[in-house]
Amino acid sequence: MPRSIYGLDIGTYEIKVFDKKNKKIWKQKNVIAVKGKDDIFAMGDAAYEMYEKTPDDIRIVFPMQEGAIASFDSMQYLLGTLLNNTRLFVRGSEYLLAVPTDVTEVEKRAFYDLVLNSRGKAKSVRIVERGIVDALGAGVDIWSTSGVMIANFGGGTTELSVLSAGGMVLNRLVKIGGTHLDNAIINLVRRNQDMLIGHSAAENLRCKFGVFEQETDATAMVSGKSILSGIPHRKDISSGLVRAALKEPLEECVNAIKIMIDRTPSDIQKGIFENGLYLTGGIARISGLDSFLESHINLPVHVAHEPEFSSMRGLEVIMSSKVYRKFSYSMLNEDYRWLR
């Protein structure tokens with residue numbers, strides 16, 4: 001019987017899994033609804049549907065914060081339960097886990113132990129750097145490239161990677177993601193419109209208007225609460241206000257990209273200016289983000305096909321090729337290269 005192998009990407013707000021045998025992608029929100037002190041009321045997509053709508057005795061918990069595991073026990077329970085509740089998964093399976101590079105050794109080991117010791121009963125776990133996975137998923141030939149930059153825009157962080165000749169040259173985890181963009185919209189609406197809106201409304205505004213490429217006078221009706229009267233309120237929010245809110249956090253990302261380019265060796269810099277920047281991650285779908293970045297960093301910018309699933313495609317490539325499998329390794333091996 002063919003062995004079961006799964007690719008796993010644990011993001012701040014979403015867990016994604018690739019089932020190699022059935023060629024399927026499965027995903028769930030990375031969130032738990034807790035009732036009272038420690039009674040698990042709901043998890044995954046069901047819990048996320050309750051976000052900002054719960055009564056006082058139910059709280060929403062995100063076990064991951066800014067790309068790192070904030071609550072190991074909650075994360076392990078959530079992952080193990082979701083895997084066991086899905087009939088696609090078989091105990092004793094092998095897992096290939098995409099992890100960020102620019103985190104501490106303790107945080108890297110936590111990701112590894114999380115999967116190895118989960119209720120999914122993994123037979124073995126191998127890890128691979130997310131920058132490499134994203135590059136493969138975006139269609140980059142990482143063996144022959146003379147230099148390329150990958151920017152994974154996720155829900156809690158943006159991970160920047162420079163690759164050349166089959167290896168990682170530089171990597172940085174920037175603590176800016178979709179939630180920071182949404183908070184910027186919430187804050188500007190509160191200051192300019194005297195209105196409180198939730199994260200769901202802010203996310204809808206971000207997805208509707210994006211950064212560039214729409215009419216400047218477009219508006220969208222959102223529901224919230226008036227700060228002045230304290231009662232529910234509906235108001236038209238302009239695209240200009242949304243773009244003004246997105247400007248500051250996106251400029252921080254631009255500055256981080258410029259700093260990384262400046263730190264890159266000159267020969268690899270030349271390759272980056274030729275090959276450009278590839279955008280992956282769910283936030284890369286923001287309309288006009290590629291144009292915004294291109295105008296600020298003077299590099300060709302490419303958005304990967306279905307950027308939110310780039311990591312899944314990259315994990316599939318590594319699973320299917322002995323050559324690319326060399327990029328993955330077990331942390332039980334004393335010679336694993338993060339400790340070199």
# chains A, B, ... in the order shown; residues from 1 in each chain; ligands from 1

call {"tool": "residues_around", "arguments": {"residues": "region 293-296 of chain A", "least_positions_apart": "3", "cutoff": "12 Å", "atoms": "only C-alpha atoms", "output": "list of chain:residue names"}}
result
A:Ala151, A:Val211, A:Phe212, A:Lys247, A:Leu250, A:Glu251, A:Glu252, A:Cys253, A:Val254, A:Asn255, A:Ala256, A:Ile257, A:Lys258, A:Phe273, A:Gly276, A:Leu277, A:Tyr278, A:Leu279, A:Ala284, A:Ile286, A:Ser287, A:Gly288, A:Leu289, A:Asp290, A:Leu299, A:Pro300, A:Val301, A:His302, A:Val303

call {"tool": "write_last_selection", "arguments": {"atoms": "N, CA and C atoms", "output": "mmCIF file, in the first residue's frame"}}
result
data_model
loop_
_atom_site.group_PDB
_atom_site.id
_atom_site.type_symbol
_atom_site.label_atom_id
_atom_site.label_comp_id
_atom_site.auth_asym_id
_atom_site.auth_seq_id
_atom_site.Cartn_x
_atom_site.Cartn_y
_atom_site.Cartn_z
ATOM 1 N N ALA A 151 8.510 37.373 -1.807
ATOM 2 C CA ALA A 151 7.829 38.032 -0.693
ATOM 3 C C ALA A 151 6.510 37.315 -0.437
ATOM 4 N N VAL A 211 -5.137 48.626 -3.687
ATOM 5 C CA VAL A 211 -4.191 49.736 -3.591
ATOM 6 C C VAL A 211 -4.309 50.685 -4.776
ATOM 7 N N PHE A 212 -4.296 50.148 -5.988
ATOM 8 C CA PHE A 212 -4.404 50.946 -7.199
ATOM 9 C C PHE A 212 -5.523 50.390 -8.070
ATOM 10 N N LYS A 247 -1.375 52.703 3.102
ATOM 11 C CA LYS A 247 -0.104 53.267 2.665
ATOM 12 C C LYS A 247 1.021 53.053 3.671
ATOM 13 N N LEU A 250 2.246 49.329 4.144
ATOM 14 C CA LEU A 250 2.867 48.852 2.909
ATOM 15 C C LEU A 250 4.214 49.537 2.666
ATOM 16 N N GLU A 251 4.332 50.791 3.085
ATOM 17 C CA GLU A 251 5.622 51.474 2.947
ATOM 18 C C GLU A 251 6.676 50.850 3.865
ATOM 19 N N GLU A 252 6.249 50.311 5.015
ATOM 20 C CA GLU A 252 7.187 49.592 5.875
ATOM 21 C C GLU A 252 7.710 48.346 5.170
ATOM 22 N N CYS A 253 6.824 47.666 4.440
ATOM 23 C CA CYS A 253 7.249 46.498 3.664
ATOM 24 C C CYS A 253 8.217 46.910 2.557
ATOM 25 N N VAL A 254 7.928 48.036 1.902
ATOM 26 C CA VAL A 254 8.806 48.544 0.852
ATOM 27 C C VAL A 254 10.192 48.826 1.415
ATOM 28 N N ASN A 255 10.244 49.465 2.580
ATOM 29 C CA ASN A 255 11.542 49.775 3.200
ATOM 30 C C ASN A 255 12.303 48.503 3.543
ATOM 31 N N ALA A 256 11.580 47.475 4.033
ATOM 32 C CA ALA A 256 12.233 46.204 4.362
ATOM 33 C C ALA A 256 12.795 45.544 3.109
ATOM 34 N N ILE A 257 12.072 45.631 1.999
ATOM 35 C CA ILE A 257 12.554 45.061 0.731
ATOM 36 C C ILE A 257 13.805 45.796 0.263
ATOM 37 N N LYS A 258 13.792 47.121 0.344
ATOM 38 C CA LYS A 258 14.956 47.911 -0.080
ATOM 39 C C LYS A 258 16.183 47.590 0.774
ATOM 40 N N PHE A 273 17.535 42.256 -10.077
ATOM 41 C CA PHE A 273 17.033 43.305 -10.960
ATOM 42 C C PHE A 273 16.584 42.748 -12.312
ATOM 43 N N GLY A 276 13.488 39.897 -10.810
ATOM 44 C CA GLY A 276 12.432 40.585 -10.102
ATOM 45 C C GLY A 276 12.010 39.963 -8.784
ATOM 46 N N LEU A 277 10.846 40.425 -8.321
ATOM 47 C CA LEU A 277 10.258 40.031 -7.050
ATOM 48 C C LEU A 277 8.986 39.230 -7.325
ATOM 49 N N TYR A 278 8.861 38.061 -6.671
ATOM 50 C CA TYR A 278 7.669 37.217 -6.805
ATOM 51 C C TYR A 278 6.829 37.335 -5.536
ATOM 52 N N LEU A 279 5.537 37.576 -5.710
ATOM 53 C CA LEU A 279 4.629 37.723 -4.579
ATOM 54 C C LEU A 279 3.845 36.438 -4.378
ATOM 55 N N ALA A 284 -1.167 38.715 -1.294
ATOM 56 C CA ALA A 284 -0.663 39.092 -2.617
ATOM 57 C C ALA A 284 -1.799 39.300 -3.610
ATOM 58 N N ILE A 286 -4.251 41.296 -3.177
ATOM 59 C CA ILE A 286 -4.747 42.676 -3.113
ATOM 60 C C ILE A 286 -4.570 43.337 -4.467
ATOM 61 N N SER A 287 -5.641 43.859 -4.983
ATOM 62 C CA SER A 287 -5.597 44.485 -6.302
ATOM 63 C C SER A 287 -4.632 45.664 -6.315
ATOM 64 N N GLY A 288 -3.689 45.633 -7.264
ATOM 65 C CA GLY A 288 -2.758 46.739 -7.420
ATOM 66 C C GLY A 288 -1.524 46.668 -6.554
ATOM 67 N N LEU A 289 -1.398 45.629 -5.725
ATOM 68 C CA LEU A 289 -0.216 45.531 -4.863
ATOM 69 C C LEU A 289 1.059 45.426 -5.694
ATOM 70 N N ASP A 290 1.003 44.657 -6.777
ATOM 71 C CA ASP A 290 2.189 44.514 -7.624
ATOM 72 C C ASP A 290 2.597 45.841 -8.254
ATOM 73 N N LEU A 299 11.656 47.361 -9.450
ATOM 74 C CA LEU A 299 11.924 45.975 -9.831
ATOM 75 C C LEU A 299 10.707 45.433 -10.559
ATOM 76 N N PRO A 300 10.896 44.493 -11.497
ATOM 77 C CA PRO A 300 9.726 43.802 -12.039
ATOM 78 C C PRO A 300 9.082 42.961 -10.940
ATOM 79 N N VAL A 301 7.774 43.044 -10.803
ATOM 80 C CA VAL A 301 7.051 42.325 -9.751
ATOM 81 C C VAL A 301 6.064 41.352 -10.402
ATOM 82 N N HIS A 302 6.109 40.104 -9.960
ATOM 83 C CA HIS A 302 5.251 39.060 -10.511
ATOM 84 C C HIS A 302 4.388 38.477 -9.386
ATOM 85 N N VAL A 303 3.087 38.349 -9.634
ATOM 86 C CA VAL A 303 2.203 37.700 -8.667
ATOM 87 C C VAL A 303 2.046 36.242 -9.080
#

call {"tool": "select_by_dssp", "arguments": {"residues": "region 188-293 of chain A", "states": "strand (DSSP E or B)", "output": "CSV table (one decimal) with all heavy atoms, in the first residue's frame"}}
result
chain,number,residue,atom,x,y,z
A,195,MET,N,-16.5,56.2,13.6
A,195,MET,CA,-17.2,55.0,13.5
A,195,MET,C,-16.3,53.8,13.8
A,195,MET,O,-15.2,53.8,13.4
A,195,MET,CB,-17.8,54.9,12.1
A,195,MET,CG,-18.6,53.7,11.8
A,195,MET,SD,-19.2,53.7,10.1
A,195,MET,CE,-20.0,52.1,9.9
A,196,LEU,N,-16.9,52.9,14.6
A,196,LEU,CA,-16.1,51.6,14.9
A,196,LEU,C,-16.6,50.5,13.9
A,196,LEU,O,-17.8,50.3,13.8
A,196,LEU,CB,-16.4,51.2,16.3
A,196,LEU,CG,-15.8,52.2,17.4
A,196,LEU,CD1,-16.3,51.7,18.8
A,196,LEU,CD2,-14.3,52.2,17.3
A,219,THR,N,-17.1,54.1,-3.6
A,219,THR,CA,-17.4,53.9,-2.1
A,219,THR,C,-18.0,52.6,-1.9
A,219,THR,O,-18.5,51.9,-2.8
A,219,THR,CB,-18.4,55.0,-1.7
A,219,THR,OG1,-19.6,54.9,-2.4
A,219,THR,CG2,-17.8,56.4,-1.9
A,220,ALA,N,-18.0,52.2,-0.6
A,220,ALA,CA,-18.7,51.0,-0.2
A,220,ALA,C,-19.4,51.2,1.1
A,220,ALA,O,-18.9,51.9,2.0
A,220,ALA,CB,-17.7,49.8,-0.1
A,221,MET,N,-20.6,50.6,1.2
A,221,MET,CA,-21.4,50.8,2.5
A,221,MET,C,-20.9,49.7,3.5
A,221,MET,O,-20.8,48.5,3.2
A,221,MET,CB,-22.8,50.6,2.1
A,221,MET,CG,-23.7,50.7,3.4
A,221,MET,SD,-23.9,52.4,4.0
A,221,MET,CE,-24.8,53.2,2.6
A,222,VAL,N,-20.6,50.2,4.7
A,222,VAL,CA,-20.2,49.2,5.8
A,222,VAL,C,-21.0,49.5,7.0
A,222,VAL,O,-21.5,50.6,7.2
A,222,VAL,CB,-18.7,49.4,6.1
A,222,VAL,CG1,-17.8,49.0,4.9
A,222,VAL,CG2,-18.4,50.7,6.6
A,223,SER,N,-21.2,48.5,7.8
A,223,SER,CA,-21.9,48.6,9.1
A,223,SER,C,-20.9,48.7,10.2
A,223,SER,O,-19.9,48.0,10.2
A,223,SER,CB,-22.9,47.4,9.2
A,223,SER,OG,-23.8,47.4,8.2
A,224,GLY,N,-21.3,49.5,11.2
A,224,GLY,CA,-20.5,49.6,12.4
A,224,GLY,C,-21.2,50.2,13.5
A,224,GLY,O,-22.5,50.1,13.6
A,225,LYS,N,-20.5,50.9,14.4
A,225,LYS,CA,-21.1,51.6,15.5
A,225,LYS,C,-20.6,53.0,15.6
A,225,LYS,O,-19.4,53.3,15.6
A,225,LYS,CB,-20.9,50.8,16.8
A,225,LYS,CG,-21.6,51.4,18.1
A,225,LYS,CD,-21.4,50.6,19.3
A,225,LYS,CE,-20.0,50.6,19.8
A,225,LYS,NZ,-19.9,49.9,21.1
A,226,SER,N,-21.5,53.9,15.8
A,226,SER,CA,-21.2,55.3,15.9
A,226,SER,C,-20.5,55.6,17.2
A,226,SER,O,-21.0,55.2,18.3
A,226,SER,CB,-22.4,56.2,15.7
A,226,SER,OG,-22.1,57.6,16.1
A,232,PRO,N,-25.8,51.3,16.4
A,232,PRO,CA,-25.4,50.8,15.1
A,232,PRO,C,-25.6,51.8,14.0
A,232,PRO,O,-26.5,52.6,14.0
A,232,PRO,CB,-26.3,49.6,14.9
A,232,PRO,CG,-26.7,49.2,16.3
A,232,PRO,CD,-26.8,50.4,17.1
A,233,HIS,N,-24.6,51.8,13.0
A,233,HIS,CA,-24.6,52.8,12.0
A,233,HIS,C,-24.1,52.3,10.7
A,233,HIS,O,-23.3,51.3,10.7
A,233,HIS,CB,-23.6,53.9,12.5
A,233,HIS,CG,-23.7,55.2,11.7
A,233,HIS,ND1,-24.8,55.9,11.5
A,233,HIS,CD2,-22.7,55.8,11.1
A,233,HIS,CE1,-24.5,57.0,10.7
A,233,HIS,NE2,-23.2,56.9,10.4
A,234,ARG,N,-24.6,52.8,9.6
A,234,ARG,CA,-24.1,52.4,8.3
A,234,ARG,C,-23.6,53.6,7.6
A,234,ARG,O,-24.2,54.7,7.7
A,234,ARG,CB,-25.2,51.7,7.5
A,234,ARG,CG,-25.5,50.3,7.9
A,234,ARG,CD,-26.8,49.8,7.2
A,234,ARG,NE,-26.6,49.7,5.8
A,234,ARG,CZ,-26.1,48.7,5.1
A,234,ARG,NH1,-25.6,47.7,5.8
A,234,ARG,NH2,-26.0,48.7,3.8
A,235,LYS,N,-22.5,53.5,6.9
A,235,LYS,CA,-21.9,54.6,6.2
A,235,LYS,C,-21.1,54.2,5.0
A,235,LYS,O,-20.6,53.1,4.9
A,235,LYS,CB,-20.9,55.3,7.2
A,235,LYS,CG,-20.7,56.8,7.0
A,235,LYS,CD,-20.0,57.4,8.2
A,235,LYS,CE,-20.0,58.9,8.2
A,235,LYS,NZ,-19.5,59.5,9.4
A,236,ASP,N,-21.0,55.1,4.0
A,236,ASP,CA,-20.2,54.9,2.8
A,236,ASP,C,-18.8,55.3,3.1
A,236,ASP,O,-18.5,56.3,3.6
A,236,ASP,CB,-20.7,55.8,1.7
A,236,ASP,CG,-21.9,55.2,1.0
A,236,ASP,OD1,-21.9,54.0,0.8
A,236,ASP,OD2,-22.8,56.0,0.6
A,237,ILE,N,-17.9,54.3,2.8
A,237,ILE,CA,-16.4,54.5,3.0
A,237,ILE,C,-15.8,54.6,1.7
A,237,ILE,O,-16.0,53.8,0.8
A,237,ILE,CB,-15.8,53.4,3.8
A,237,ILE,CG1,-16.5,53.2,5.2
A,237,ILE,CG2,-14.3,53.6,4.0
A,237,ILE,CD1,-16.4,54.5,6.1
A,238,SER,N,-15.0,55.6,1.4
A,238,SER,CA,-14.4,55.9,0.1
A,238,SER,C,-13.1,55.0,-0.1
A,238,SER,O,-12.4,54.6,0.9
A,238,SER,CB,-14.0,57.3,0.0
A,238,SER,OG,-12.9,57.7,0.8
A,277,LEU,N,10.8,40.4,-8.3
A,277,LEU,CA,10.3,40.0,-7.1
A,277,LEU,C,9.0,39.2,-7.3
A,277,LEU,O,8.1,39.7,-8.1
A,277,LEU,CB,9.9,41.3,-6.2
A,277,LEU,CG,9.1,41.1,-5.0
A,277,LEU,CD1,9.8,40.4,-3.9
A,277,LEU,CD2,8.6,42.5,-4.4
A,278,TYR,N,8.9,38.1,-6.7
A,278,TYR,CA,7.7,37.2,-6.8
A,278,TYR,C,6.8,37.3,-5.5
A,278,TYR,O,7.4,37.2,-4.4
A,278,TYR,CB,8.1,35.8,-7.1
A,278,TYR,CG,8.5,35.5,-8.4
A,278,TYR,CD1,9.8,35.8,-8.8
A,278,TYR,CD2,7.7,34.9,-9.4
A,278,TYR,CE1,10.3,35.6,-10.1
A,278,TYR,CE2,8.1,34.7,-10.7
A,278,TYR,CZ,9.4,35.0,-11.1
A,278,TYR,OH,9.8,34.8,-12.3
A,279,LEU,N,5.5,37.6,-5.7
A,279,LEU,CA,4.6,37.7,-4.6
A,279,LEU,C,3.8,36.4,-4.4
A,279,LEU,O,3.2,35.9,-5.3
A,279,LEU,CB,3.7,38.9,-4.8
A,279,LEU,CG,4.2,40.2,-5.1
A,279,LEU,CD1,3.1,41.3,-5.2
A,279,LEU,CD2,5.3,40.7,-4.1
A,280,THR,N,3.8,35.9,-3.1
A,280,THR,CA,3.1,34.8,-2.8
A,280,THR,C,2.3,35.1,-1.5
A,280,THR,O,2.4,36.1,-0.9
A,280,THR,CB,4.0,33.5,-2.5
A,280,THR,OG1,4.8,33.8,-1.4
A,280,THR,CG2,4.8,33.3,-3.7

call {"tool": "closest_atom_pairs", "arguments": {"of": "region 196-287 of chain A", "to": "region 1-21 of chain A", "cutoff": "12 Å", "atoms": "only C-alpha atoms", "output": "CSV"}}
result
residue,atom,partner,partner_atom,distance
A:Gly281,CA,A:Gly11,CA,9.9
A:Gly282,CA,A:Glu14,CA,10.0
A:Ile283,CA,A:Tyr13,CA,11.9

call {"tool": "write_last_selection", "arguments": {"atoms": "C-alpha atoms", "output": "JSON list (two decimals), in the first residue's frame"}}
result
[["chain", "number", "residue", "atom", "x", "y", "z"],
["A", 281, "GLY", "CA", 0.62, 34.38, 0.11],
["A", 282, "GLY", "CA", -3.04, 35.30, 0.34],
["A", 283, "ILE", "CA", -2.48, 39.05, 0.75]]

call {"tool": "atom_distance", "arguments": {"atom1": "CA of Arg285 (chain A)", "atom2": "CA of Lys27 (chain A)"}}
result
17.5 Å

call {"tool": "closest_atom_pairs", "arguments": {"of": "region 23-97 of chain A", "to": "region 101-104 of chain A", "cutoff": "12 Å", "atoms": "only C-alpha atoms", "output": "JSON lines"}}
result
{"residue": "A:Glu66", "atom": "CA", "partner": "A:Val103", "partner_atom": "CA", "distance": 10.7}
{"residue": "A:Gly67", "atom": "CA", "partner": "A:Val103", "partner_atom": "CA", "distance": 8.7}
{"residue": "A:Ala68", "atom": "CA", "partner": "A:Val103", "partner_atom": "CA", "distance": 7.9}
{"residue": "A:Ile69", "atom": "CA", "partner": "A:Val103", "partner_atom": "CA", "distance": 10.9}

call {"tool": "select_by_dssp", "arguments": {"residues": "region 87-295 of chain A", "states": "alpha helix (DSSP H)", "output": "ChimeraX atom specification"}}
result
/A:105-116,130-137,178-193,199-209,239-263,266-275,289-295

call {"tool": "closest_residue", "arguments": {"among": "A:Ile132, A:Lys35, A:Lys208, A:Ile268", "to": "Val317 (chain A)", "atoms": "only C-alpha atoms"}}
result
A:Ile132

call {"tool": "atom_distance", "arguments": {"atom1": "CA of Ile60 (chain A)", "atom2": "CA of Leu241 (chain A)"}}
result
29.0 Å

call {"tool": "closest_residue", "arguments": {"among": "A:Gln65, A:Leu315, A:Ser320, A:Asn204", "to": "Val128 (chain A)", "atoms": "only C-alpha atoms"}}
result
A:Leu315

call {"tool": "closest_residue", "arguments": {"among": "A:Asp38, A:Ile259, A:Gly139, A:Ile227", "to": "Arg172 (chain A)", "atoms": "only C-alpha atoms"}}
result
A:Ile259

call {"tool": "residues_around", "arguments": {"residues": "region 180-183 of chain A", "least_positions_apart": "2", "cutoff": "12 Å", "atoms": "only C-alpha atoms", "output": "VMD selection string"}}
result
chain A and resid 65 to 66 153 to 158 174 to 178 185 to 190 196 to 207 210 to 211 242 to 253 283 286

call {"tool": "closest_residue", "arguments": {"among": "A:Leu228, A:Leu78, A:Ala122, A:Val323", "to": "Gly166 (chain A)", "atoms": "only C-alpha atoms"}}
result
A:Val323

call {"tool": "residues_around", "arguments": {"residues": "Arg126 (chain A)", "least_positions_apart": "4", "cutoff": "10 Å", "atoms": "only C-alpha atoms", "output": "PyMOL selection string"}}
result
chain A and resi 7+94-98+112+115-116+325+327-332

call {"tool": "write_last_selection", "arguments": {"atoms": "N, CA and C atoms", "output": "compact mmCIF listing (two decimals), in the first residue's frame"}}
result
# COMPACT_ATOMS: atom_id res chain seq x y z
N GLY A 7 1.84 17.52 2.85
CA GLY A 7 2.54 18.78 2.98
C GLY A 7 1.74 19.70 3.88
N GLU A 94 3.62 10.45 6.84
CA GLU A 94 4.79 11.31 6.80
C GLU A 94 4.36 12.74 6.49
N TYR A 95 5.02 13.71 7.11
CA TYR A 95 4.67 15.11 6.91
C TYR A 95 5.89 15.91 6.45
N LEU A 96 5.65 16.78 5.50
CA LEU A 96 6.66 17.75 5.06
C LEU A 96 6.14 19.12 5.47
N LEU A 97 6.87 19.79 6.33
CA LEU A 97 6.39 21.01 6.99
C LEU A 97 7.16 22.24 6.54
N ALA A 98 6.45 23.23 6.00
CA ALA A 98 7.06 24.51 5.62
C ALA A 98 7.13 25.40 6.86
N TYR A 112 8.30 21.78 14.66
CA TYR A 112 8.62 20.38 14.41
C TYR A 112 7.93 19.47 15.44
N VAL A 115 4.00 18.98 15.15
CA VAL A 115 3.49 17.99 14.20
C VAL A 115 3.90 16.57 14.61
N LEU A 116 5.14 16.40 15.02
CA LEU A 116 5.64 15.07 15.37
C LEU A 116 4.85 14.45 16.52
N ARG A 325 13.98 17.01 -2.83
CA ARG A 325 13.81 16.51 -1.46
C ARG A 325 15.03 16.81 -0.59
N PHE A 327 16.23 19.54 -0.08
CA PHE A 327 16.00 20.79 0.65
C PHE A 327 15.31 20.54 1.99
N SER A 328 14.77 19.36 2.20
CA SER A 328 14.07 19.06 3.45
C SER A 328 14.96 18.20 4.35
N TYR A 329 14.69 18.22 5.65
CA TYR A 329 15.50 17.46 6.59
C TYR A 329 14.75 17.31 7.91
N SER A 330 15.19 16.37 8.69
CA SER A 330 14.59 16.11 10.00
C SER A 330 15.40 16.82 11.08
N MET A 331 14.71 17.40 12.03
CA MET A 331 15.41 18.06 13.13
C MET A 331 15.92 17.06 14.17
N LEU A 332 15.58 15.79 13.99
CA LEU A 332 16.16 14.77 14.85
C LEU A 332 17.59 14.45 14.43

call {"tool": "atom_distance", "arguments": {"atom1": "CA of Leu136 (chain A)", "atom2": "CA of Gly314 (chain A)"}}
result
4.7 Å
